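*Asks:* Below is the structure I would like to discuss, written out as structure tokens.
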Amino acid sequence: TTPLPVIVMSFEPIRSKMEAGGCAPSAISAFESTFSSLVAGSTGMIPESTISPAPDLLRYSEITAASNAGLLKETVVLKLNGGLGTGMGLDKAKSLLEVKNGDTFLDLAAKQILDMRSKYGPVKFMLMNSFSTSEDTMEFLSKSYPSLVAEGGLEFVQNKVPKLDATTFEPATDPANPGNEWCPPGHGDLYAALVASGSLDSLLAAGIKYMSVSNSDNLGATMDLSLLSHFAESDAPFMMECCERTENDKKGGHLALRNSDSQLILRESAMCAPEDESAFQDIGKHRYFNTNNLWIRLDKLKETIDKFGGFIPLPMIKNKKTVDPKDDASQKVIQLETAMGAAIEVFKGATAIVVPRTRFAPVKKCDDLLLLRSDAYVITDDFRPVLNPLCGGKAPIVSLDKKKYKLVSQLEAATRGGIPSLVGCTRLAVTGEVWMSRSCVFKGAVTFNNSSDDPKLLPGRTFENTKVDMTAAPGLGPLLPTKVKTAPIEGQKPGTSGLRKKTKVFMGENYLENFVQSTFDAVKAAGTDLGVGTLLIGGDGRYFNPAAIQTIIKMAFANGVTRVWVGQDGLLSTPAVSAIIRESGPVWKKAFGAFILTASHNPGGPDEDFGIKYNCENGGPAQEFLTDAMFANTKSISSYKICKSFPAIDLSTPGATKVISKDGGLEVNVEVVSTTDAHVALLKSIFDFPAIQALLNRDDFTMVYDSMHGVNGPYARKVFCECFGLDQSAMMNSEPKDDFNGGHADPNLTYAKELVATMGLDKKGNPIDMAGKSVPSFGAAADGDGDRNMILGTQFFVTPSDSLAVIAANANKIPFFAAQGGLKSVARSMPTSGAVDLVAKDLNLSLFETPTGWKFFGNLMDSKDLFDGVDYTPLICGEESFGTGSNHIREKDGIWAVLAWLNILAAVNKPGKPLVSVSDVVNAHWKKYGRNYYVRYDFEGVDKAAATSMMAKMSEMREENTGKKVGDYTIKTADVFEYNDPVDKSVSKNQGVRFLMECGSRVIFRLSGTAGSGATVRMYIEKYEGDKTKLGLTVAEALGDLVVVGLGLCGIKGFCGTDVPTVIT
């Protein structure tokens, strides 16, 4: 026979990995001790034969020490906050789970500390986070409890240790996701982490002597002066809080006496052999369990750590797992952990005390969460959850089906109608999937069974001492959610403009569904209750919109939404969506968010582009934290929910459709709402419609408005035909088409060809010979989703940058601004010309230069309301890419800009006087402020890799280019634009390469992020001219030499194969 190979199990590969991973020496020493137990053959088991039951312990009621609040200044309250709650389906800090009345575990812990400080004075508060929970936790506390964060020293992070191959005990590997190679070492790491972080030494140096430790999900473990005073008087180095075991606790660890030395020890369930399980669960024999509420003398801890060479030796706990917790077929591993309570055996003189059950209210599974959320528990004035007195001192025993209620998401689906009353209940047992609501009252012992595959909804009534079999009950029918298996699809990363791809990609199997489900999951995780309020859905009418809307409706109700608004015919402009979210009510119906189906100005049709974006309750695009969460979800999604039998909704006629479940217990509503009413009503409140009407009634004034077969058409007709009485002929291309009639619905000189020709211009904005044909006084165009605009006068093109500046300079002529005391702030994207800067300086307005992306403007608008910051409103903002708007909504608004111009023209034109034209207004503006000559070159559809390389090269050469002379210009600064947001304090890097000339001219390059395929390089050229004799030059005359300089600086011909732009603006 061939002898089996000998495997030498060395710690050195583990040491190398931990050192490379930045692990502290104390963590490495502690893990080496645990590893040594493993390779020595230790199973980590504590046989029943080696222990005896713990002796009678002192009880809380027997404490004789007088309460001494003066000890608090020597005390730190530490919460263990390293758990993700993965066993309950969570992927963020478990302490951020909502538990009661809208408060999370962390809310209540923070409120407990702040309440104690208000009564007794300073008491130190700390968290031991893990590498998985630190970021989420600190972000939450920074927003909700900034005073705690400002104190410093709030957190230290526990160590990480390698997962070990189950056979070789070498570090496990997962090249696809290296993060899976590490795991937390259990809360026994407390001691090593205190040392490694320097926290132990810092606390001792600050005079902190006592530490109270508990789990963040145990809200009963508040600072107790009686316990603190007893612990201090006892002079013990370590004290464990215990409770007497009940039936609910029989599977948890217990306290025991080691026979060999009569030392108190802790035996966890993982330390119990199968043959000893009955003795382990004998609550009459082993009477006490560890609450994981510990009291530690820090000076004694320091002595003990030094005694053992820098760590506390703790018994090993071995857990069998897979390296990828979501893939059972991945490498088999073991995770070595230790328990902090096990340190009771290390400290000579360690004690334990029996505390009331109110000191132990953890949430380990959904049974506990349901109980805590119910009326069986109430929150005291000092923010502790305690058993409702009406329960008679005994908590109900809750036993939910382990498969159907393992995950928080499953429990929340089953209680979407609210939490049932348990205050009169002694025992609740549920087998199968049974849904309940706040109308259900359980009394005595109640049992529910559902053996069918479909969830069954309990009727809203009282159930008392009864067993109910719901198997044959009517089901949910059209409201039955089905879970459909799926798998991640690459490339579903949304930006602030949403997710855009070719239409046929979205029409592919599960593509739309994956993204929508990932969005619902992210929105729910961010704290939005989908069952309260309304989900809004609409789009620009492009190909695939109708089918996509029906799918989203079915998925919405499967995910707990109860009310949906949809634009008539599925049509809603992007600004109208924002207006409806912000303006439509009543409050109980208010929209919590919206799906907008648009790819904006990109072409539409089966072979062109499709897009989807999510807007939040403020009416603006999803913030980056939310889009990041969506993207993360798309990379791990395994199923989506959909009500397959939900009927198709007729979107052609306004009205409400009520759909009721088969059992009559659930009801949802779909309301088809007017495409235009809400937005037009808002516009009427902003502008002086009578003055605009007088302008439009002038014999010498005519206008045309080109909606380019996008969604803006109905809004243009509503405002200008129905409100102002213009003939339909003035509304060009106003019928929405799913392919924009084969055009490119982008309102610029290149693509709005019909309008540009009508206004007497060529594609460069130069006047053309009209052969005596009359030209309208005013022209405007909109893009596919109605948020962009182009403004034209008679043979005169207004650049978006100049348009922004003119509107800002004349804002007080518009009632919305005049009624609020005038314009307060202006903001522009970095590539937009500095024309509005001159207005801001003249009018003493706050000025902001932001990256491209409307979310940055939204932050400024919401600074006061959402961030408790400076009020920058009223505010006008704009981008050179034909986007202009104000704080009336949280999106750019094309028709708003058109009406703003008409309002200004109405104000400057007087009855009986010659017409003051668009060009007159702009020329007067230039005469006052000077002119910012400006042009943008778009190179569309270039190779993305080549364009990225070009941008990287310019970035690398910024130091070399600074000070360089190019043509007649000297580069004062070459840099990469970075924005420090004054509102949310975020930092946005790599927002474009800038060449700032000594004369004030600018050359800027950006990669556009809104294309459905390929890449778009944008080059921006700007030159300021204050000489009034040079205000009438053509753009080519003014900027020709600077364009040549720009093309040379980027080298686009060499990188992308062309230096001829597809669009010039």
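Letters for chains follow the order of the structure tokens (A, B, ...), residue numbers begin at 1 for each chain, and ligand numbers begin at 1 in the order shown.
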Skipping near chain neighbours, those fewer than 2 positions away, what residues fall within 7 Å of segment 745-748 of chain A using only C-alpha atoms, listed as a PDB file with all heavy atoms, in the first residue's frame?

*Replies:*
ATOM      1  N   HIS A 601     -31.600  62.297 -24.741  1.00  0.00           N
ATOM      2  CA  HIS A 601     -31.463  62.785 -26.114  1.00  0.00           C
ATOM      3  C   HIS A 601     -30.903  61.721 -27.053  1.00  0.00           C
ATOM      4  O   HIS A 601     -30.684  62.006 -28.231  1.00  0.00           O
ATOM      5  CB  HIS A 601     -30.542  64.008 -26.114  1.00  0.00           C
ATOM      6  CG  HIS A 601     -29.215  63.741 -25.475  1.00  0.00           C
ATOM      7  ND1 HIS A 601     -29.086  63.563 -24.126  1.00  0.00           N
ATOM      8  CD2 HIS A 601     -27.977  63.607 -26.000  1.00  0.00           C
ATOM      9  CE1 HIS A 601     -27.813  63.338 -23.839  1.00  0.00           C
ATOM     10  NE2 HIS A 601     -27.112  63.357 -24.956  1.00  0.00           N
ATOM     11  N   ASN A 602     -30.668  60.489 -26.558  1.00  0.00           N
ATOM     12  CA  ASN A 602     -30.147  59.436 -27.425  1.00  0.00           C
ATOM     13  C   ASN A 602     -31.235  58.952 -28.379  1.00  0.00           C
ATOM     14  O   ASN A 602     -32.420  58.987 -28.054  1.00  0.00           O
ATOM     15  CB  ASN A 602     -29.643  58.257 -26.593  1.00  0.00           C
ATOM     16  CG  ASN A 602     -28.385  58.590 -25.807  1.00  0.00           C
ATOM     17  OD1 ASN A 602     -27.978  59.746 -25.737  1.00  0.00           O
ATOM     18  ND2 ASN A 602     -27.777  57.589 -25.209  1.00  0.00           N
ATOM     19  N   PRO A 603     -30.850  58.462 -29.550  1.00  0.00           N
ATOM     20  CA  PRO A 603     -31.845  57.965 -30.512  1.00  0.00           C
ATOM     21  C   PRO A 603     -32.674  56.829 -29.938  1.00  0.00           C
ATOM     22  O   PRO A 603     -32.225  56.107 -29.032  1.00  0.00           O
ATOM     23  CB  PRO A 603     -30.988  57.484 -31.687  1.00  0.00           C
ATOM     24  CG  PRO A 603     -29.680  58.190 -31.535  1.00  0.00           C
ATOM     25  CD  PRO A 603     -29.479  58.377 -30.071  1.00  0.00           C
ATOM     26  N   MET A 708     -39.360  67.611 -31.450  1.00  0.00           N
ATOM     27  CA  MET A 708     -38.534  66.578 -32.060  1.00  0.00           C
ATOM     28  C   MET A 708     -39.108  65.165 -31.872  1.00  0.00           C
ATOM     29  O   MET A 708     -38.389  64.182 -31.738  1.00  0.00           O
ATOM     30  CB  MET A 708     -37.098  66.660 -31.525  1.00  0.00           C
ATOM     31  CG  MET A 708     -36.451  68.027 -31.785  1.00  0.00           C
ATOM     32  SD  MET A 708     -34.715  68.114 -31.340  1.00  0.00           S
ATOM     33  CE  MET A 708     -33.968  67.233 -32.710  1.00  0.00           C
ATOM     34  N   GLY A 710     -40.431  63.929 -29.360  1.00  0.00           N
ATOM     35  CA  GLY A 710     -40.203  63.386 -28.030  1.00  0.00           C
ATOM     36  C   GLY A 710     -41.400  63.626 -27.144  1.00  0.00           C
ATOM     37  O   GLY A 710     -42.473  64.053 -27.579  1.00  0.00           O
ATOM     38  N   PHE A 740     -38.700  58.562 -32.366  1.00  0.00           N
ATOM     39  CA  PHE A 740     -38.516  59.994 -32.633  1.00  0.00           C
ATOM     40  C   PHE A 740     -38.552  60.261 -34.135  1.00  0.00           C
ATOM     41  O   PHE A 740     -37.840  61.125 -34.647  1.00  0.00           O
ATOM     42  CB  PHE A 740     -37.223  60.508 -31.996  1.00  0.00           C
ATOM     43  CG  PHE A 740     -37.110  60.186 -30.529  1.00  0.00           C
ATOM     44  CD1 PHE A 740     -36.030  59.476 -30.030  1.00  0.00           C
ATOM     45  CD2 PHE A 740     -38.107  60.579 -29.648  1.00  0.00           C
ATOM     46  CE1 PHE A 740     -35.936  59.157 -28.682  1.00  0.00           C
ATOM     47  CE2 PHE A 740     -38.023  60.266 -28.294  1.00  0.00           C
ATOM     48  CZ  PHE A 740     -36.936  59.553 -27.814  1.00  0.00           C
ATOM     49  N   GLY A 743     -35.402  60.358 -36.101  1.00  0.00           N
ATOM     50  CA  GLY A 743     -34.448  61.441 -35.850  1.00  0.00           C
ATOM     51  C   GLY A 743     -33.660  61.224 -34.574  1.00  0.00           C
ATOM     52  O   GLY A 743     -33.793  60.217 -33.883  1.00  0.00           O
ATOM     53  N   THR A 750     -27.021  70.739 -34.840  1.00  0.00           N
ATOM     54  CA  THR A 750     -26.808  69.637 -35.784  1.00  0.00           C
ATOM     55  C   THR A 750     -28.071  68.814 -35.973  1.00  0.00           C
ATOM     56  O   THR A 750     -28.447  68.481 -37.108  1.00  0.00           O
ATOM     57  CB  THR A 750     -25.674  68.729 -35.286  1.00  0.00           C
ATOM     58  OG1 THR A 750     -24.468  69.493 -35.210  1.00  0.00           O
ATOM     59  CG2 THR A 750     -25.466  67.539 -36.219  1.00  0.00           C
ATOM     60  N   TYR A 751     -28.740  68.454 -34.870  1.00  0.00           N
ATOM     61  CA  TYR A 751     -29.847  67.494 -34.968  1.00  0.00           C
ATOM     62  C   TYR A 751     -31.225  68.146 -35.084  1.00  0.00           C
ATOM     63  O   TYR A 751     -32.152  67.528 -35.602  1.00  0.00           O
ATOM     64  CB  TYR A 751     -29.815  66.545 -33.768  1.00  0.00           C
ATOM     65  CG  TYR A 751     -28.607  65.641 -33.790  1.00  0.00           C
ATOM     66  CD1 TYR A 751     -27.699  65.633 -32.739  1.00  0.00           C
ATOM     67  CD2 TYR A 751     -28.345  64.811 -34.883  1.00  0.00           C
ATOM     68  CE1 TYR A 751     -26.575  64.821 -32.764  1.00  0.00           C
ATOM     69  CE2 TYR A 751     -27.231  64.001 -34.914  1.00  0.00           C
ATOM     70  CZ  TYR A 751     -26.349  64.004 -33.862  1.00  0.00           C
ATOM     71  OH  TYR A 751     -25.244  63.191 -33.900  1.00  0.00           O
ATOM     72  N   ALA A 752     -31.384  69.378 -34.614  1.00  0.00           N
ATOM     73  CA  ALA A 752     -32.671  70.060 -34.773  1.00  0.00           C
ATOM     74  C   ALA A 752     -32.690  70.785 -36.121  1.00  0.00           C
ATOM     75  O   ALA A 752     -32.901  72.004 -36.205  1.00  0.00           O
ATOM     76  CB  ALA A 752     -32.896  71.026 -33.619  1.00  0.00           C
ATOM     77  N   ALA A 781     -36.350  74.318 -28.991  1.00  0.00           N
ATOM     78  CA  ALA A 781     -36.406  72.871 -29.237  1.00  0.00           C
ATOM     79  C   ALA A 781     -36.247  72.137 -27.922  1.00  0.00           C
ATOM     80  O   ALA A 781     -35.678  72.656 -26.947  1.00  0.00           O
ATOM     81  CB  ALA A 781     -35.312  72.448 -30.216  1.00  0.00           C
ATOM     82  N   ALA A 782     -36.763  70.900 -27.872  1.00  0.00           N
ATOM     83  CA  ALA A 782     -36.663  70.036 -26.692  1.00  0.00           C
ATOM     84  C   ALA A 782     -36.073  68.706 -27.100  1.00  0.00           C
ATOM     85  O   ALA A 782     -36.112  68.311 -28.269  1.00  0.00           O
ATOM     86  CB  ALA A 782     -38.049  69.831 -26.067  1.00  0.00           C
ATOM     87  N   ASP A 783     -35.547  67.973 -26.112  1.00  0.00           N
ATOM     88  CA  ASP A 783     -34.998  66.650 -26.412  1.00  0.00           C
ATOM     89  C   ASP A 783     -36.019  65.557 -26.132  1.00  0.00           C
ATOM     90  O   ASP A 783     -37.188  65.840 -25.845  1.00  0.00           O
ATOM     91  CB  ASP A 783     -33.711  66.414 -25.616  1.00  0.00           C
ATOM     92  CG  ASP A 783     -33.954  66.284 -24.120  1.00  0.00           C
ATOM     93  OD1 ASP A 783     -34.972  66.803 -23.638  1.00  0.00           O
ATOM     94  OD2 ASP A 783     -33.124  65.659 -23.433  1.00  0.00           O
ATOM     95  N   GLY A 784     -35.572  64.312 -26.194  1.00  0.00           N
ATOM     96  CA  GLY A 784     -36.485  63.179 -26.088  1.00  0.00           C
ATOM     97  C   GLY A 784     -37.302  63.154 -24.821  1.00  0.00           C
ATOM     98  O   GLY A 784     -38.500  62.870 -24.853  1.00  0.00           O
ATOM     99  N   ASN A 789     -33.145  72.093 -23.642  1.00  0.00           N
ATOM    100  CA  ASN A 789     -33.754  73.137 -24.467  1.00  0.00           C
ATOM    101  C   ASN A 789     -32.703  73.796 -25.336  1.00  0.00           C
ATOM    102  O   ASN A 789     -31.511  73.815 -24.995  1.00  0.00           O
ATOM    103  CB  ASN A 789     -34.404  74.195 -23.571  1.00  0.00           C
ATOM    104  CG  ASN A 789     -33.372  75.074 -22.881  1.00  0.00           C
ATOM    105  OD1 ASN A 789     -33.006  76.151 -23.390  1.00  0.00           O
ATOM    106  ND2 ASN A 789     -32.874  74.624 -21.717  1.00  0.00           N
ATOM    107  N   MET A 790     -33.126  74.320 -26.461  1.00  0.00           N
ATOM    108  CA  MET A 790     -32.294  75.199 -27.269  1.00  0.00           C
ATOM    109  C   MET A 790     -33.127  76.442 -27.577  1.00  0.00           C
ATOM    110  O   MET A 790     -34.312  76.332 -27.923  1.00  0.00           O
ATOM    111  CB  MET A 790     -31.859  74.519 -28.578  1.00  0.00           C
ATOM    112  CG  MET A 790     -31.031  75.450 -29.475  1.00  0.00           C
ATOM    113  SD  MET A 790     -30.258  74.615 -30.895  1.00  0.00           S
ATOM    114  CE  MET A 790     -31.698  74.135 -31.854  1.00  0.00           C
ATOM    115  N   THR A1065     -21.328  72.732 -31.341  1.00  0.00           N
ATOM    116  CA  THR A1065     -22.319  73.592 -30.699  1.00  0.00           C
ATOM    117  C   THR A1065     -21.643  74.888 -30.303  1.00  0.00           C
ATOM    118  O   THR A1065     -20.714  74.855 -29.490  1.00  0.00           O
ATOM    119  CB  THR A1065     -22.897  72.906 -29.451  1.00  0.00           C
ATOM    120  OG1 THR A1065     -23.491  71.670 -29.833  1.00  0.00           O
ATOM    121  CG2 THR A1065     -23.960  73.776 -28.806  1.00  0.00           C
TER     122      THR A1065
END

*Asks:* I'd like the contact shell of Gly1057 of chain A - 9 Å cut-off, only C-alpha atoms, skipping same-chain residues fewer than 4 positions apart - returned as number ranges by chain.

*Replies:* A: 942, 1052-1053

*Asks:* Atom CA of Ser216 of chain A and atom CA of Met45 of chain A, how far apart in Å?

*Replies:*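 These atoms are spaced 27.7 Å apart.
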
*Asks:* Excluding Gly309 of chain A and its own-chain neighbours fewer than 4 positions away, which residues fall within 9 Å of it when counting only C-alpha atoms? Please give them as an MDAnalysis selection string.

*Replies:* chainID A and resid 26 29 304:305

*Asks:* Deliver the residues from the most recent selection as a file, using C-alpha atoms, as a PDB file, in the first residue's frame.

*Replies:*
ATOM      1  CA  SER A  26      -1.568  41.104  18.760  1.00  0.00           C
ATOM      2  CA  SER A  29      -0.458  36.133  18.150  1.00  0.00           C
ATOM      3  CA  THR A 304      -3.455  39.705  31.959  1.00  0.00           C
ATOM      4  CA  ILE A 305      -2.647  40.524  28.335  1.00  0.00           C
TER       5      ILE A 305
END

*Asks:* Near segment 793-810 of chain A, within 9 Å and counting only C-alpha atoms, which residues show up once chain neighbours fewer than 5 positions away are dropped, as a PyMOL selection string?

*Replies:* chain A and resi 749+756+758-761+765-768+775-780+823+826+828+832-840+843+875-885+897+900-901+904+917-919+921-922+925+931-932+934-935+1065

*Asks:* For the structure I just gave you, how does DSSP split segment 468-584 of chain A - specifically, which residues are helix (DSSP H, G or I)? Reply as a ChimeraX atom specification.

*Replies:* /A:477-479,503-506,511-525,545-558,574-583

*Asks:* Rounded to one decimal place, report the atom CA of Phe610 of chain A-atom CA of Ala547 of chain A distance in Å.

*Replies:*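 So the two atoms, atom CA of Phe610 of chain A and atom CA of Ala547 of chain A, lie 12.4 Å apart.
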
*Asks:* When you draw a straight line from atom CA of Arg373 of chain A to atom CA of Leu90 of chain A, how long is it in Å?

*Replies:*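 So the answer is 17.3 Å.
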
*Asks:* Determine the nearest neighbour of Lys813 of chain A from the options A:Lys641, A:Ala907, A:Ala350, A:Asn923, counting only C-alpha atoms.

*Replies:* A:Ala907

*Asks:* Considering only C-alpha atoms, can you say which of A:Val673, A:Gly179, A:Lys163, A:Ala27 comes closest to Ala192 of chain A?

*Replies:* A:Ala27
